[in-house]
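Notes follow the structure.
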Amino acid sequence: GAGVSQTPSNKVTEKGKYVELRCDPISGHTALYWYRQSLGQGPEFLIYFQGTGAADDSGLPNDRFFAVRPEGSVSTLKIQRTERGDSAVYLCASSLVAGAFNEQFFGPGTRLTVL
Amino acid sequence: GDSVTQMEGPVTLSEEAFLTINCTYTATGYPSLFWYVQYPGEGLQLLLKATKADDKGSNKGFEATYRKETTSFHLEKGSVQVSDSAVYFCALSGYGGSQGNLIFGKGTKLSVKP
């Protein structure tokens, strides 16, 4: 079936604006992860969901960042009052269930540019 | 906290050369270890993994052995091809495997010349 998809692929916004980034996981995958990758760096964990609930949001940098997964499938990462430092590629991954033994499948990412 | 350190790139090799990309980690307990690869224009994909000490992960001619005594998980391939050109990320998943969120190194870009 289809892999993890993310929309939009690119998003350019102005400082101070609100953005939403969407992730469609692989059908049947109960765990969903968000990561952020800055230029020249590896991905950094933001938050993960097991089902509808955020099981660990310890990687969210501050309260401007929020994510939801209301029906246990699609997830939206929301960033308020964007800052230039938020510019990065935002990656979503899903796995059958949460846990180190379960392969995470990554989407192509959303490149966010804050002007 | 947990962390991963991998060798800086870029690494440029000729086809059929031997490849080693070093990776060391710091973690409490017994993490699982991974190598992910990102080919040009594509998303991250799992290359291989090892979930306990002395395990060897292997795939597509690549292999890495989980060495607890040296806290290392070096990636090796005996004969690289042009198609192996990509960015390689070493990663770990923390103690107990109950969460699964990955901690990545900075990545090593490999270019293989014909």
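Convention: chains lettered A, B, ... in structure tokens order; per-chain residue numbering from 1; ligands numbered from 1 as shown.
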Please, which residues in chain B fall within 6 Å of region 32-47 of chain A when counting only C-alpha atoms, and what is the closest atom pair and distance in Å to one decimal for each, ordered by chain then residue number, as a Markdown table?
| residue | atom | partner | partner_atom | distance |
| --- | --- | --- | --- | --- |
| B:Phe104 | CA | A:Gly42 | CA | 5.4 |
| B:Gly105 | CA | A:Gly42 | CA | 5.5 |
| B:Lys106 | CA | A:Gly42 | CA | 4.2 |
| B:Gly107 | CA | A:Gly42 | CA | 5.8 |
Backbone DSSP call of strand (DSSP E or B) for region 16-103 of chain A, listed as an MDAnalysis selection string: chainID A and resid 19:24 31:37 44:50 53:56 65:68 75:79 88:95
Residue list for chain B near chain A as a PyMOL selection string, 10 Å, only C-alpha atoms: chain B and resi 4+31-34+41-46+48-51+88-109
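Interatomic distance, CA of Glu20 (chain A) to CA of Phe66 (chain A): 9.6 Å.
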Separation of CA of Ala17 (chain B) from CA of Lys77 (chain B), in Å and rounded to one decimal: 8.6 Å
So that I can see what lies close to Lys17 (chain A), please list as a PDB file with C-alpha atoms, in the first residue's frame the residues with an atom at most 8 Å from it, counting only C-alpha atoms and leaving out residues fewer than 5 positions away in the same chain.
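Printed below is selection_12.pdb as written:
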ATOM      1  CA  GLN A  80       1.967  29.300  16.248  1.00  0.00           C
ATOM      2  CA  ARG A  81       3.766  32.631  15.877  1.00  0.00           C
ATOM      3  CA  THR A  82       6.433  31.124  13.654  1.00  0.00           C
TER       4      THR A  82
END
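Distance-wise, CA of Pro10 (chain B) and CA of Lys113 (chain B) end up 12.9 Å apart.
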Shell of 7 Å around Thr113 (chain A), only C-alpha atoms, local chain residues under 6 positions omitted, as a VMD selection string: chain A and resid 11 to 13 87 to 88
Contacts of Gly72 (chain A) at 7 Å (only C-alpha atoms; same-chain gap of 5+ positions) as a ChimeraX atom specification: /A:30,51-52
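Shortest separation to Leu21 (chain A) among A:Ala2, A:Arg84, A:Pro61, A:Leu112 occurs at residue A:Leu112, atoms counted being only C-alpha atoms.
Distances here use only C-alpha atoms; by that measure, the residue among B:Asp54, B:Glu76, B:Asp2, B:Asp84 closest to Pro114 (chain B) is B:Asp84.
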